[in-house]
$ cat data_24.cif   # mmCIF, C-alpha atoms
data_structure
loop_
_atom_site.label_atom_id
_atom_site.label_comp_id
_atom_site.auth_asym_id
_atom_site.auth_seq_id
_atom_site.Cartn_x
_atom_site.Cartn_y
_atom_site.Cartn_z
CA MET A 25 -19.70 -44.35 -105.58
CA THR A 26 -18.37 -46.02 -102.46
CA PRO A 27 -20.61 -48.09 -100.23
CA GLU A 28 -20.49 -45.50 -97.52
CA SER A 29 -21.63 -42.74 -99.86
CA GLU A 30 -24.86 -44.56 -100.68
CA ASN A 31 -27.73 -42.87 -98.92
CA PHE A 32 -29.31 -45.31 -96.54
CA GLU A 33 -30.57 -42.69 -94.13
CA GLU A 34 -34.24 -43.57 -94.58
CA LEU A 35 -33.48 -47.24 -94.19
CA ARG A 36 -31.48 -46.51 -91.03
CA ARG A 37 -34.49 -44.71 -89.60
CA LEU A 38 -36.74 -47.59 -90.49
CA LEU A 39 -34.39 -50.11 -88.91
CA ALA A 40 -34.54 -48.08 -85.69
CA LEU A 41 -37.98 -49.59 -85.30
CA LYS A 42 -36.40 -52.97 -84.68
CA ARG A 43 -34.70 -51.68 -81.57
CA HIS A 44 -38.09 -51.04 -80.03
CA GLU A 45 -39.20 -54.65 -80.35
CA GLN A 46 -39.09 -56.04 -76.83
CA PRO A 47 -40.03 -59.44 -75.38
CA PRO A 48 -42.94 -59.64 -72.91
CA PRO A 49 -42.45 -57.72 -69.65
CA GLY A 50 -40.53 -59.73 -67.07
CA TYR A 51 -39.11 -62.06 -69.69
CA PHE A 52 -35.51 -61.44 -68.65
CA THR A 53 -36.28 -61.56 -64.93
CA ASP A 54 -36.01 -65.32 -64.70
CA PHE A 55 -34.19 -66.03 -67.97
CA SER A 56 -30.82 -66.69 -66.32
CA ALA A 57 -32.48 -68.80 -63.63
CA LYS A 58 -34.02 -70.99 -66.32
CA VAL A 59 -30.65 -71.39 -68.02
CA VAL A 60 -28.91 -72.32 -64.76
CA ALA A 61 -31.73 -74.73 -63.86
CA ARG A 62 -31.30 -76.50 -67.18
CA ILE A 63 -27.53 -76.66 -66.69
CA GLU A 64 -27.90 -78.14 -63.20
CA ALA A 65 -30.53 -80.62 -64.40
CA ALA A 66 -28.16 -81.74 -67.15
CA GLN A 67 -25.35 -82.14 -64.62
CA GLU A 68 -27.56 -84.23 -62.33
CA ALA A 69 -28.72 -86.33 -65.26
CA ALA A 70 -25.11 -86.97 -66.28
CA GLN A 71 -24.41 -88.52 -62.87
CA LEU A 72 -27.26 -91.02 -63.13
CA PRO A 73 -26.68 -94.57 -64.34
CA TRP A 74 -27.22 -95.15 -68.03
CA TRP A 75 -30.57 -96.90 -67.63
CA ARG A 76 -31.98 -94.01 -65.58
CA ARG A 77 -30.78 -91.58 -68.27
CA ALA A 78 -32.48 -93.71 -70.89
CA PHE A 79 -35.78 -93.52 -69.01
CA LEU A 80 -35.35 -89.79 -68.54
CA GLY A 81 -34.78 -89.47 -72.27
CA LEU A 82 -38.01 -91.35 -72.87
CA ASP A 83 -39.84 -88.96 -70.57
CA ALA A 84 -38.61 -86.07 -72.65
CA LYS A 85 -39.78 -87.63 -75.91
CA PRO A 86 -43.31 -89.00 -75.49
CA ALA A 87 -43.93 -89.02 -79.23
CA MET A 88 -40.90 -91.22 -79.79
CA VAL A 89 -42.00 -93.55 -76.99
CA CYS A 90 -45.46 -93.89 -78.57
CA ALA A 91 -43.94 -94.56 -81.97
CA CYS A 92 -41.56 -97.19 -80.57
CA SER A 93 -44.39 -98.85 -78.60
CA LEU A 94 -46.56 -99.03 -81.70
CA ALA A 95 -43.69 -100.42 -83.76
CA ILE A 96 -42.89 -103.10 -81.17
CA SER A 97 -46.58 -104.02 -80.79
CA GLY A 98 -46.89 -104.28 -84.55
CA LEU A 99 -43.85 -106.52 -84.74
CA VAL A 100 -45.23 -108.78 -81.99
CA VAL A 101 -48.62 -109.06 -83.71
CA LEU A 102 -46.92 -109.72 -87.04
CA GLY A 103 -44.70 -112.35 -85.47
CA LEU A 104 -47.65 -114.10 -83.83
CA SER A 105 -49.68 -114.10 -87.03
CA VAL A 106 -46.76 -115.43 -89.06
CA ALA A 107 -46.16 -118.12 -86.46
CA SER A 108 -49.79 -119.21 -86.47
CA TRP A 109 -49.85 -119.20 -90.26
CA ASN A 110 -46.73 -121.36 -90.33
CA ASP A 111 -48.33 -123.77 -87.89
CA GLY A 112 -51.33 -124.05 -90.17
CA VAL A 113 -49.12 -124.73 -93.15
CA ALA A 114 -47.12 -127.28 -91.20
CA GLN A 115 -50.29 -129.04 -90.09
CA ALA A 116 -51.52 -129.09 -93.66
CA GLU A 117 -48.24 -130.49 -94.92
CA LEU A 118 -47.73 -132.94 -92.11
CA PRO A 119 -49.57 -136.01 -93.53
CA SER A 120 -47.83 -135.89 -96.86
CA ALA A 121 -44.51 -135.16 -95.30
CA ARG A 122 -44.67 -138.03 -92.92
CA GLY A 123 -46.53 -140.37 -95.20
CA PRO A 124 -43.60 -142.32 -96.49
CA VAL A 125 -42.22 -142.74 -93.04
CA LEU A 126 -45.46 -143.96 -91.67
CA VAL A 127 -45.84 -146.20 -94.63
CA ALA A 128 -42.34 -147.40 -94.15
CA ALA A 129 -43.04 -148.13 -90.56
CA GLU A 130 -46.10 -150.06 -91.52
CA VAL A 131 -44.55 -151.70 -94.50
CA THR A 132 -41.30 -152.58 -92.93
CA PRO A 133 -42.55 -155.80 -91.39
CA ALA A 134 -42.16 -157.29 -94.78
CA PRO A 135 -42.33 -161.00 -94.96
CA ALA A 136 -38.99 -162.54 -94.69
CA THR A 137 -39.85 -164.80 -97.52
CA ALA A 138 -40.23 -161.97 -99.95
CA GLN A 139 -37.71 -162.23 -102.72
CA VAL A 140 -36.64 -158.69 -103.02
CA PRO A 141 -33.25 -158.35 -104.57
CA THR A 142 -33.30 -154.64 -104.15
CA LEU A 143 -33.05 -152.38 -101.21
CA THR A 144 -35.94 -152.66 -98.85
CA ILE A 145 -37.00 -150.84 -95.86
CA ALA A 146 -36.04 -152.84 -92.89
CA PRO A 147 -38.28 -153.31 -89.90
CA PRO A 148 -37.14 -151.91 -86.66
CA ARG A 149 -35.16 -154.48 -84.87
CA ASP A 150 -36.02 -153.14 -81.53
CA THR A 151 -39.07 -150.98 -81.28
CA ALA A 152 -38.01 -149.33 -78.10
CA VAL A 153 -34.65 -148.45 -79.54
CA SER A 154 -35.65 -147.80 -83.08
CA ALA A 155 -38.38 -145.49 -82.01
CA MET A 156 -35.66 -143.24 -80.67
CA ASP A 157 -33.31 -143.83 -83.56
CA PRO A 158 -33.49 -140.95 -85.96
CA LEU A 159 -32.24 -143.09 -88.75
CA VAL A 160 -35.12 -145.48 -88.27
CA ASN A 161 -37.72 -143.08 -87.09
CA PRO A 162 -37.04 -139.57 -88.34
CA ASP A 163 -39.94 -138.25 -86.31
CA SER A 164 -37.92 -138.87 -83.22
CA ALA A 165 -35.25 -136.50 -84.34
CA PRO A 166 -35.64 -132.82 -83.77
CA ARG A 167 -36.87 -131.46 -87.05
CA GLU A 168 -34.79 -128.34 -86.62
CA LEU A 169 -31.66 -130.43 -86.88
CA PHE A 170 -32.71 -131.87 -90.19
CA PRO A 171 -34.32 -129.04 -92.09
CA ILE A 172 -34.23 -130.84 -95.38
CA GLY A 173 -35.37 -128.37 -97.96
CA GLY A 174 -35.69 -125.85 -95.22
CA PHE A 175 -32.26 -124.45 -95.85
CA LEU A 176 -33.25 -123.70 -99.41
CA GLY A 177 -36.68 -122.50 -98.45
CA ILE A 178 -38.35 -125.32 -100.37
CA ARG A 179 -41.73 -126.37 -99.11
CA GLY A 180 -43.16 -129.81 -99.41
CA VAL A 181 -39.81 -131.57 -99.35
CA SER A 182 -40.03 -134.43 -96.99
CA ALA A 183 -37.19 -135.91 -95.08
CA PRO A 184 -35.59 -138.88 -96.84
CA THR A 185 -36.84 -142.19 -95.74
CA PRO A 186 -34.14 -144.01 -93.90
CA VAL A 187 -33.25 -147.29 -95.47
CA ASN A 188 -31.45 -150.26 -94.24
CA LEU A 189 -28.82 -151.66 -96.47
CA PHE A 190 -29.49 -155.10 -95.13
CA ILE A 191 -30.28 -157.37 -98.03
CA PRO A 192 -32.34 -160.29 -96.94
CA THR A 193 -31.21 -163.61 -98.09
CA ASN A 194 -33.02 -166.87 -98.26
CA HIS A 195 -30.77 -168.86 -96.05
CA MET B 1 -3.37 -58.84 -76.68
CA VAL B 2 -6.87 -59.07 -75.36
CA GLN B 3 -9.07 -56.15 -76.24
CA GLY B 4 -11.54 -55.20 -73.58
CA ILE B 5 -15.16 -54.45 -74.22
CA ALA B 6 -17.35 -52.37 -72.02
CA LEU B 7 -20.94 -51.40 -72.28
CA GLY B 8 -21.95 -48.21 -73.95
CA ALA B 9 -25.25 -46.77 -75.00
CA PHE B 10 -26.63 -46.21 -78.46
CA ASN B 11 -30.16 -45.01 -79.01
CA GLY B 12 -31.23 -46.40 -75.69
CA ALA B 13 -29.84 -49.86 -76.39
CA ALA B 14 -26.77 -51.19 -74.64
CA ILE B 15 -23.98 -51.95 -77.08
CA PRO B 16 -20.34 -52.79 -76.57
CA LYS B 17 -17.80 -50.00 -76.72
CA ARG B 18 -14.14 -50.65 -77.29
CA VAL B 19 -11.80 -49.49 -74.58
CA ALA B 20 -8.08 -49.05 -74.65
CA PRO B 21 -6.39 -52.36 -73.86
CA THR B 22 -3.93 -50.73 -71.53
CA GLN B 23 -6.62 -48.99 -69.56
CA GLU B 24 -7.50 -50.62 -66.28
CA ASN B 25 -11.08 -51.78 -66.59
CA PRO B 26 -12.80 -52.93 -63.38
CA ALA B 27 -15.78 -54.29 -65.28
CA ARG B 28 -13.48 -56.41 -67.40
CA SER B 29 -11.55 -57.79 -64.45
CA GLU B 30 -14.81 -58.47 -62.63
CA GLU B 31 -16.07 -60.39 -65.64
CA LEU B 32 -12.84 -62.39 -65.77
CA SER B 33 -13.35 -63.28 -62.12
CA LEU B 34 -16.89 -64.43 -62.87
CA ILE B 35 -15.62 -66.52 -65.76
CA GLN B 36 -13.00 -68.19 -63.58
CA ARG B 37 -15.59 -68.98 -60.91
CA ALA B 38 -17.98 -70.34 -63.52
CA GLN B 39 -15.18 -72.46 -64.98
CA ALA B 40 -14.72 -73.93 -61.50
CA GLY B 41 -18.40 -74.90 -61.48
CA ASP B 42 -19.94 -71.93 -59.67
CA THR B 43 -23.35 -71.63 -61.34
CA SER B 44 -24.22 -68.45 -59.45
CA ALA B 45 -21.27 -66.75 -61.16
CA TYR B 46 -22.50 -68.03 -64.48
CA ASP B 47 -25.98 -66.75 -63.64
CA GLU B 48 -24.46 -63.28 -63.35
CA LEU B 49 -22.66 -63.68 -66.68
CA VAL B 50 -25.92 -64.69 -68.34
CA ARG B 51 -27.66 -61.65 -66.87
CA ARG B 52 -25.03 -59.36 -68.34
CA HIS B 53 -25.39 -60.65 -71.90
CA GLN B 54 -28.88 -62.12 -72.13
CA GLN B 55 -30.57 -59.10 -73.69
CA ARG B 56 -28.11 -58.65 -76.53
CA ILE B 57 -27.89 -62.38 -77.26
CA TYR B 58 -31.67 -62.70 -77.27
CA ALA B 59 -32.06 -59.60 -79.44
CA THR B 60 -29.55 -60.81 -82.00
CA ILE B 61 -31.24 -64.18 -82.31
CA TYR B 62 -34.68 -62.60 -82.36
CA HIS B 63 -33.76 -60.19 -85.18
CA MET B 64 -32.36 -63.14 -87.11
CA THR B 65 -35.43 -65.35 -86.67
CA SER B 66 -38.27 -62.82 -86.24
CA ASN B 67 -39.76 -65.37 -83.88
CA HIS B 68 -39.88 -64.98 -80.11
CA GLU B 69 -40.23 -68.70 -79.31
CA ASP B 70 -37.30 -69.68 -81.53
CA ALA B 71 -35.22 -66.86 -80.07
CA ASN B 72 -36.06 -68.00 -76.55
CA ASP B 73 -35.02 -71.59 -77.23
CA LEU B 74 -31.87 -70.64 -79.11
CA ALA B 75 -30.80 -68.07 -76.52
CA GLN B 76 -31.13 -70.61 -73.71
CA GLU B 77 -29.30 -73.25 -75.73
CA THR B 78 -26.56 -70.74 -76.50
CA PHE B 79 -25.86 -70.10 -72.83
CA ILE B 80 -26.06 -73.81 -71.97
CA LYS B 81 -23.63 -74.62 -74.77
CA ALA B 82 -21.37 -71.79 -73.64
CA TYR B 83 -21.31 -73.16 -70.09
CA GLN B 84 -20.47 -76.65 -71.33
CA ALA B 85 -17.63 -75.20 -73.42
CA LEU B 86 -16.51 -72.69 -70.82
CA LYS B 87 -13.44 -74.70 -69.87
CA SER B 88 -12.13 -74.21 -73.41
CA PHE B 89 -12.48 -70.44 -73.13
CA LYS B 90 -8.92 -69.09 -72.93
CA GLY B 91 -9.67 -65.39 -72.99
CA ASP B 92 -8.17 -64.83 -76.45
CA SER B 93 -11.30 -62.87 -77.28
CA SER B 94 -13.73 -61.22 -74.93
CA PHE B 95 -16.43 -63.37 -73.36
CA PHE B 96 -18.96 -61.21 -75.19
CA THR B 97 -17.45 -62.02 -78.61
CA TRP B 98 -17.09 -65.69 -77.68
CA VAL B 99 -20.74 -66.08 -76.64
CA TYR B 100 -21.84 -64.06 -79.65
CA ARG B 101 -20.04 -66.50 -81.93
CA ILE B 102 -21.83 -69.43 -80.33
CA ALA B 103 -25.19 -67.69 -80.67
CA VAL B 104 -24.58 -66.71 -84.28
CA ASN B 105 -23.40 -70.17 -85.31
CA ARG B 106 -26.30 -71.91 -83.62
CA THR B 107 -28.80 -69.49 -85.13
CA ILE B 108 -27.42 -69.79 -88.65
CA ASN B 109 -27.37 -73.60 -88.37
CA PHE B 110 -30.95 -73.53 -87.10
CA LEU B 111 -32.10 -71.32 -89.96
CA LYS B 112 -30.33 -73.45 -92.57
CA GLN B 113 -31.77 -76.69 -91.21
CA ARG B 114 -35.26 -75.25 -91.17
CA LYS B 115 -36.80 -76.27 -94.47
CA HIS B 116 -39.61 -73.79 -94.52
CA ARG B 117 -39.74 -70.30 -93.19
CA ALA B 118 -41.63 -70.35 -89.91
CA ALA B 119 -44.43 -67.94 -89.21
CA MET B 120 -43.24 -64.76 -87.58
CA SER B 121 -43.92 -64.27 -83.89
CA LEU B 122 -42.98 -60.68 -83.32
CA ASP B 123 -42.32 -58.98 -80.04
CA ASP B 124 -44.41 -55.94 -79.22
CA LEU B 125 -43.04 -52.46 -79.73
CA ASP B 126 -42.19 -50.68 -76.52
CA PHE B 127 -43.82 -47.47 -75.43
CA ASN B 128 -40.89 -45.35 -76.64
CA ALA B 129 -41.42 -46.35 -80.25
CA GLU B 130 -44.19 -43.80 -80.72
CA HIS B 131 -41.90 -41.05 -79.50
CA ASP B 132 -38.78 -42.01 -81.41
CA PRO B 133 -37.90 -38.99 -83.59
CA ASP B 134 -36.76 -41.20 -86.44
CA LEU B 135 -40.01 -43.11 -86.45
CA VAL B 136 -42.13 -40.02 -86.00
CA ALA B 137 -40.44 -38.60 -89.05
CA LEU B 138 -40.96 -41.79 -90.94
CA VAL B 139 -44.64 -42.16 -90.17
CA SER B 140 -45.68 -38.64 -90.92
CA ASP B 141 -47.55 -36.69 -93.57
CA LYS B 142 -44.46 -36.70 -95.72
CA THR B 143 -44.13 -40.44 -96.00
CA PRO B 144 -45.54 -42.16 -99.07
CA ARG B 145 -47.68 -44.45 -96.90
CA ARG B 146 -48.80 -42.18 -94.11
CA ASP B 147 -51.71 -44.44 -93.27
CA LEU B 148 -49.31 -47.14 -92.32
CA GLY B 149 -49.15 -47.73 -88.59
CA LEU B 150 -46.05 -48.71 -86.72
CA ALA B 151 -47.27 -52.26 -86.25
CA GLU B 152 -47.74 -52.73 -89.97
CA LEU B 153 -44.41 -51.13 -90.65
CA GLN B 154 -42.84 -53.51 -88.17
CA GLU B 155 -44.33 -56.49 -89.99
CA LYS B 156 -43.17 -55.28 -93.41
CA LEU B 157 -39.71 -54.61 -92.05
CA ASN B 158 -39.44 -58.10 -90.59
CA GLU B 159 -40.69 -59.67 -93.81
CA ALA B 160 -38.02 -57.78 -95.72
CA MET B 161 -35.36 -58.90 -93.24
CA GLN B 162 -36.39 -62.52 -93.66
CA LYS B 163 -35.87 -62.24 -97.40
CA LEU B 164 -32.16 -61.60 -96.88
CA SER B 165 -29.68 -64.45 -96.67
CA GLU B 166 -28.55 -65.41 -93.16
CA THR B 167 -25.16 -63.73 -93.47
CA HIS B 168 -26.59 -60.51 -94.88
CA ARG B 169 -29.29 -60.45 -92.23
CA LEU B 170 -26.63 -60.95 -89.60
CA VAL B 171 -24.51 -57.95 -90.63
CA VAL B 172 -27.58 -55.72 -90.73
CA THR B 173 -28.63 -57.00 -87.31
CA LEU B 174 -25.25 -56.55 -85.73
CA HIS B 175 -24.42 -53.18 -87.29
CA ASP B 176 -27.61 -51.31 -88.08
CA ILE B 177 -29.75 -52.62 -85.24
CA GLN B 178 -27.32 -53.51 -82.48
CA GLY B 179 -24.71 -50.91 -83.37
CA LEU B 180 -21.60 -53.09 -83.32
CA PRO B 181 -18.56 -51.71 -85.15
CA HIS B 182 -17.35 -53.40 -88.33
CA GLU B 183 -14.25 -54.74 -86.58
CA GLU B 184 -16.26 -56.47 -83.87
CA ILE B 185 -18.60 -57.97 -86.48
CA ALA B 186 -15.58 -59.23 -88.41
CA ARG B 187 -14.33 -60.97 -85.26
CA ILE B 188 -17.73 -62.51 -84.58
CA MET B 189 -18.20 -63.68 -88.17
CA ASP B 190 -14.56 -64.68 -88.52
CA CYS B 191 -14.01 -62.68 -91.70
CA ASN B 192 -12.24 -59.47 -92.63
CA VAL B 193 -13.65 -55.99 -92.30
CA GLY B 194 -13.90 -55.52 -96.06
CA THR B 195 -16.19 -58.50 -96.29
CA VAL B 196 -18.37 -57.07 -93.55
CA ARG B 197 -18.62 -53.73 -95.36
CA SER B 198 -19.48 -55.28 -98.71
CA ARG B 199 -22.09 -57.57 -97.15
CA LEU B 200 -23.60 -54.64 -95.32
CA PHE B 201 -23.81 -52.58 -98.49
CA TYR B 202 -25.44 -55.39 -100.44
CA ALA B 203 -27.86 -56.17 -97.60
CA ARG B 204 -28.94 -52.54 -97.34
CA GLN B 205 -29.52 -52.37 -101.08
CA GLN B 206 -31.67 -55.47 -100.89
CA LEU B 207 -33.63 -54.12 -97.95
CA GLN B 208 -34.14 -50.80 -99.66
CA ALA B 209 -35.50 -52.57 -102.71
CA HIS B 210 -37.87 -54.69 -100.63
CA LEU B 211 -39.09 -51.65 -98.69
CA SER B 212 -39.21 -49.16 -101.54
CA ASP B 213 -42.89 -48.46 -100.89
CA TYR B 214 -42.13 -47.32 -97.39
CA ILE B 215 -38.93 -45.37 -97.90
CA LYS B 216 -38.55 -41.99 -99.50
CA HIS B 217 -35.79 -41.75 -102.13
#
$ encode --input "data_24.cif" --output "structure tokens"
Amino acid sequence: MTPESENFEELRRLLALKRHEQPPPGYFTDFSAKVVARIEAAQEAAQLPWWRRAFLGLDAKPAMVCACSLAISGLVVLGLSVASWNDGVAQAELPSARGPVLVAAEVTPAPATAQVPTLTIAPPRDTAVSAMDPLVNPDSAPRELFPIGGFLGIRGVSAPTPVNLFIPTNH
Amino acid sequence: MVQGIALGAFNGAAIPKRVAPTQENPARSEELSLIQRAQAGDTSAYDELVRRHQQRIYATIYHMTSNHEDANDLAQETFIKAYQALKSFKGDSSFFTWVYRIAVNRTINFLKQRKHRAAMSLDDLDFNAEHDPDLVALVSDKTPRRDLGLAELQEKLNEAMQKLSETHRLVVTLHDIQGLPHEEIARIMDCNVGTVRSRLFYARQQLQAHLSDYIKH
């Protein structure tokens, strides 16, 4: 039996029904006008600068705009909360982190008569200068430049206490 | 050699009819003039081209999707895409075949990307349906389901169509509904005529099986 010899007459009659399916009256009246309007709108949009096209694209996709706005707002809120949390942690860690330095600053005026054969923390020779000297006063240095432990993500690591290699003698 | 296509009539629906390539065809030359004007940016000429082909393009997409809204969107996108690509149209095939290819490719891509089958949104039957001799014979005392109205029959028929694969649905649409010859379908689908015939045979068998309750054997 060849394909053509198969009897599809009843099916052919049934499929004739499909030819009677028609869109709503007047549908084709302005169909071509809609197509041409969309073509001309696209041509006009193509001549606009890129930032105007971007805004036009946003107009066409309100759902995407809402989603992006929510995402950006969420990121801002998250960033602010993380920043405030970090500030709290930094405040909590501050005394212990700066303790040795403060102690050093207070201790440094060691009596010259002290017989210390080892390394000692030297007093600032000039307060006005040493206050700005990061080696003497690490608080004066921008902490971002000396993120000791920060590079490794280690918390609670304080900056090393600067020492003076001056060994006092008893002359 | 470019084969011309003119409009003919088949069961009240306009379908293309092959004409001799050597024959002078005013409609064809007029269409070529419209194409050249549209290629130069004349949108009024393109408006006329759209008017000439909008019904068949819409109908093809509608029969493929069984959804008026999808067919509306895809038909508009087809003509917009065709305008954007019009400069690449060399006239190797007729404008009709060229636009048809765009419509078919876009529709098949749309149907493949759609994960779930959308609800049908069927067009109404026109007034002539009740007087169509084929349909009168079908919905008569002799049919197995004589209580079945045309609207129900339409729904069952569309459900059966949607059960076919896209390519099988396409050959049934183009041949059995729109009345295109096998050769024209082969050009549109970019395959040989034998493939079109075998797909058509298989698709009809499938349809007949799905609609066995409504078809006399």
$ interface_residues --input "data_24.cif" --of "chain A" --to "chain B" --cutoff "9 Å" --atoms "only C-alpha atoms" --output "PDB file with C-alpha atoms, keeping the file's coordinate frame"
ATOM      1  CA  PRO A  27     -20.610 -48.090-100.230  1.00  0.00           C
ATOM      2  CA  GLU A  28     -20.490 -45.500 -97.520  1.00  0.00           C
ATOM      3  CA  GLU A  30     -24.860 -44.560-100.680  1.00  0.00           C
ATOM      4  CA  ASN A  31     -27.730 -42.870 -98.920  1.00  0.00           C
ATOM      5  CA  PHE A  32     -29.310 -45.310 -96.540  1.00  0.00           C
ATOM      6  CA  GLU A  34     -34.240 -43.570 -94.580  1.00  0.00           C
ATOM      7  CA  LEU A  35     -33.480 -47.240 -94.190  1.00  0.00           C
ATOM      8  CA  ARG A  36     -31.480 -46.510 -91.030  1.00  0.00           C
ATOM      9  CA  ARG A  37     -34.490 -44.710 -89.600  1.00  0.00           C
ATOM     10  CA  LEU A  38     -36.740 -47.590 -90.490  1.00  0.00           C
ATOM     11  CA  LEU A  39     -34.390 -50.110 -88.910  1.00  0.00           C
ATOM     12  CA  ALA A  40     -34.540 -48.080 -85.690  1.00  0.00           C
ATOM     13  CA  LEU A  41     -37.980 -49.590 -85.300  1.00  0.00           C
ATOM     14  CA  LYS A  42     -36.400 -52.970 -84.680  1.00  0.00           C
ATOM     15  CA  ARG A  43     -34.700 -51.680 -81.570  1.00  0.00           C
ATOM     16  CA  HIS A  44     -38.090 -51.040 -80.030  1.00  0.00           C
ATOM     17  CA  GLU A  45     -39.200 -54.650 -80.350  1.00  0.00           C
ATOM     18  CA  GLN A  46     -39.090 -56.040 -76.830  1.00  0.00           C
ATOM     19  CA  PRO A  47     -40.030 -59.440 -75.380  1.00  0.00           C
ATOM     20  CA  PRO A  48     -42.940 -59.640 -72.910  1.00  0.00           C
ATOM     21  CA  PHE A  52     -35.510 -61.440 -68.650  1.00  0.00           C
ATOM     22  CA  THR A  53     -36.280 -61.560 -64.930  1.00  0.00           C
ATOM     23  CA  PHE A  55     -34.190 -66.030 -67.970  1.00  0.00           C
ATOM     24  CA  SER A  56     -30.820 -66.690 -66.320  1.00  0.00           C
ATOM     25  CA  ALA A  57     -32.480 -68.800 -63.630  1.00  0.00           C
ATOM     26  CA  LYS A  58     -34.020 -70.990 -66.320  1.00  0.00           C
ATOM     27  CA  VAL A  59     -30.650 -71.390 -68.020  1.00  0.00           C
ATOM     28  CA  VAL A  60     -28.910 -72.320 -64.760  1.00  0.00           C
ATOM     29  CA  ARG A  62     -31.300 -76.500 -67.180  1.00  0.00           C
ATOM     30  CA  ILE A  63     -27.530 -76.660 -66.690  1.00  0.00           C
ATOM     31  CA  GLU A  64     -27.900 -78.140 -63.200  1.00  0.00           C
TER      32      GLU A  64
END
$ residues_near_point --input "data_24.cif" --point "(-19.4, -69.6, -77.4)" --cutoff "9 Å" --atoms "all atoms listed in the file" --output "ChimeraX atom specification"
/B:78-79,81-83,85-86,89,95-103,105
$ atom_distance --input "data_24.cif" --atom1 "CA of Asp92 in chain B" --atom2 "CA of Ala71 in chain B"
27.4 Å
$ atom_distance --input "data_24.cif" --atom1 "CA of Leu164 in chain B" --atom2 "CA of Gln206 in chain B"
7.3 Å
$ atom_distance --input "data_24.cif" --atom1 "CA of Thr167 in chain B" --atom2 "CA of Arg199 in chain B"
7.8 Å
$ closest_residue --input "data_24.cif" --among "B:Lys163, B:Arg169, B:Val196, B:Met64" --to "Pro181 in chain B" --atoms "all atoms listed in the file"
B:Val196
$ resolve_selection --input "data_24.cif" --expression "the PyMOL selection byres ((chain B and resi 117-119) around 9)" --output "JSON, numbers by chain"
{"B": [65, 66, 67, 111, 114, 115, 116, 120, 121, 162]}
$ axis_aligned_box --input "data_24.cif" --around "range 68-79 of chain B" --padding-each-side "8 Å" --output "AutoDock Vina command-line options"
--center_x -33.0 --center_y -69.1 --center_z -77.2 --size_x 30.4 --size_y 24.3 --size_z 24.7
$ residues_around --input "data_24.cif" --residues "Lys87 in chain B" --least-positions-apart "5" --cutoff "10 Å" --atoms "only C-alpha atoms" --output "list in words"
Ile35, Gln36, Ala38, Gln39, Ala40, Gly41 and Ala82 of chain B
$ decode --input "data_24.cif" --residues "range 68-77 of chain B" --atoms "N, CA, C and O atoms" --output "PDB file, in the first residue's frame"
ATOM      1  N   HIS B  68      -4.480  32.007  19.574  1.00  0.00           N
ATOM      2  CA  HIS B  68      -4.574  33.268  18.830  1.00  0.00           C
ATOM      3  C   HIS B  68      -3.522  34.291  19.273  1.00  0.00           C
ATOM      4  O   HIS B  68      -2.892  34.948  18.439  1.00  0.00           O
ATOM      5  N   GLU B  69      -3.312  34.414  20.590  1.00  0.00           N
ATOM      6  CA  GLU B  69      -2.371  35.417  21.086  1.00  0.00           C
ATOM      7  C   GLU B  69      -0.943  35.101  20.641  1.00  0.00           C
ATOM      8  O   GLU B  69      -0.202  35.996  20.202  1.00  0.00           O
ATOM      9  N   ASP B  70      -0.574  33.820  20.757  1.00  0.00           N
ATOM     10  CA  ASP B  70       0.769  33.424  20.300  1.00  0.00           C
ATOM     11  C   ASP B  70       0.912  33.665  18.805  1.00  0.00           C
ATOM     12  O   ASP B  70       1.957  34.130  18.336  1.00  0.00           O
ATOM     13  N   ALA B  71      -0.127  33.322  18.056  1.00  0.00           N
ATOM     14  CA  ALA B  71      -0.070  33.511  16.602  1.00  0.00           C
ATOM     15  C   ALA B  71       0.050  34.987  16.247  1.00  0.00           C
ATOM     16  O   ALA B  71       0.802  35.357  15.333  1.00  0.00           O
ATOM     17  N   ASN B  72      -0.648  35.820  16.985  1.00  0.00           N
ATOM     18  CA  ASN B  72      -0.569  37.268  16.747  1.00  0.00           C
ATOM     19  C   ASN B  72       0.853  37.774  16.972  1.00  0.00           C
ATOM     20  O   ASN B  72       1.427  38.478  16.124  1.00  0.00           O
ATOM     21  N   ASP B  73       1.428  37.410  18.117  1.00  0.00           N
ATOM     22  CA  ASP B  73       2.792  37.863  18.418  1.00  0.00           C
ATOM     23  C   ASP B  73       3.782  37.345  17.384  1.00  0.00           C
ATOM     24  O   ASP B  73       4.620  38.091  16.874  1.00  0.00           O
ATOM     25  N   LEU B  74       3.696  36.051  17.099  1.00  0.00           N
ATOM     26  CA  LEU B  74       4.673  35.445  16.182  1.00  0.00           C
ATOM     27  C   LEU B  74       4.517  35.981  14.759  1.00  0.00           C
ATOM     28  O   LEU B  74       5.516  36.166  14.056  1.00  0.00           O
ATOM     29  N   ALA B  75       3.289  36.240  14.348  1.00  0.00           N
ATOM     30  CA  ALA B  75       3.078  36.770  12.997  1.00  0.00           C
ATOM     31  C   ALA B  75       3.678  38.172  12.878  1.00  0.00           C
ATOM     32  O   ALA B  75       4.356  38.490  11.884  1.00  0.00           O
ATOM     33  N   GLN B  76       3.461  39.001  13.898  1.00  0.00           N
ATOM     34  CA  GLN B  76       4.054  40.346  13.863  1.00  0.00           C
ATOM     35  C   GLN B  76       5.578  40.262  13.874  1.00  0.00           C
ATOM     36  O   GLN B  76       6.260  40.970  13.114  1.00  0.00           O
ATOM     37  N   GLU B  77       6.107  39.404  14.738  1.00  0.00           N
ATOM     38  CA  GLU B  77       7.566  39.265  14.813  1.00  0.00           C
ATOM     39  C   GLU B  77       8.134  38.742  13.498  1.00  0.00           C
ATOM     40  O   GLU B  77       9.236  39.121  13.106  1.00  0.00           O
TER      41      GLU B  77
END
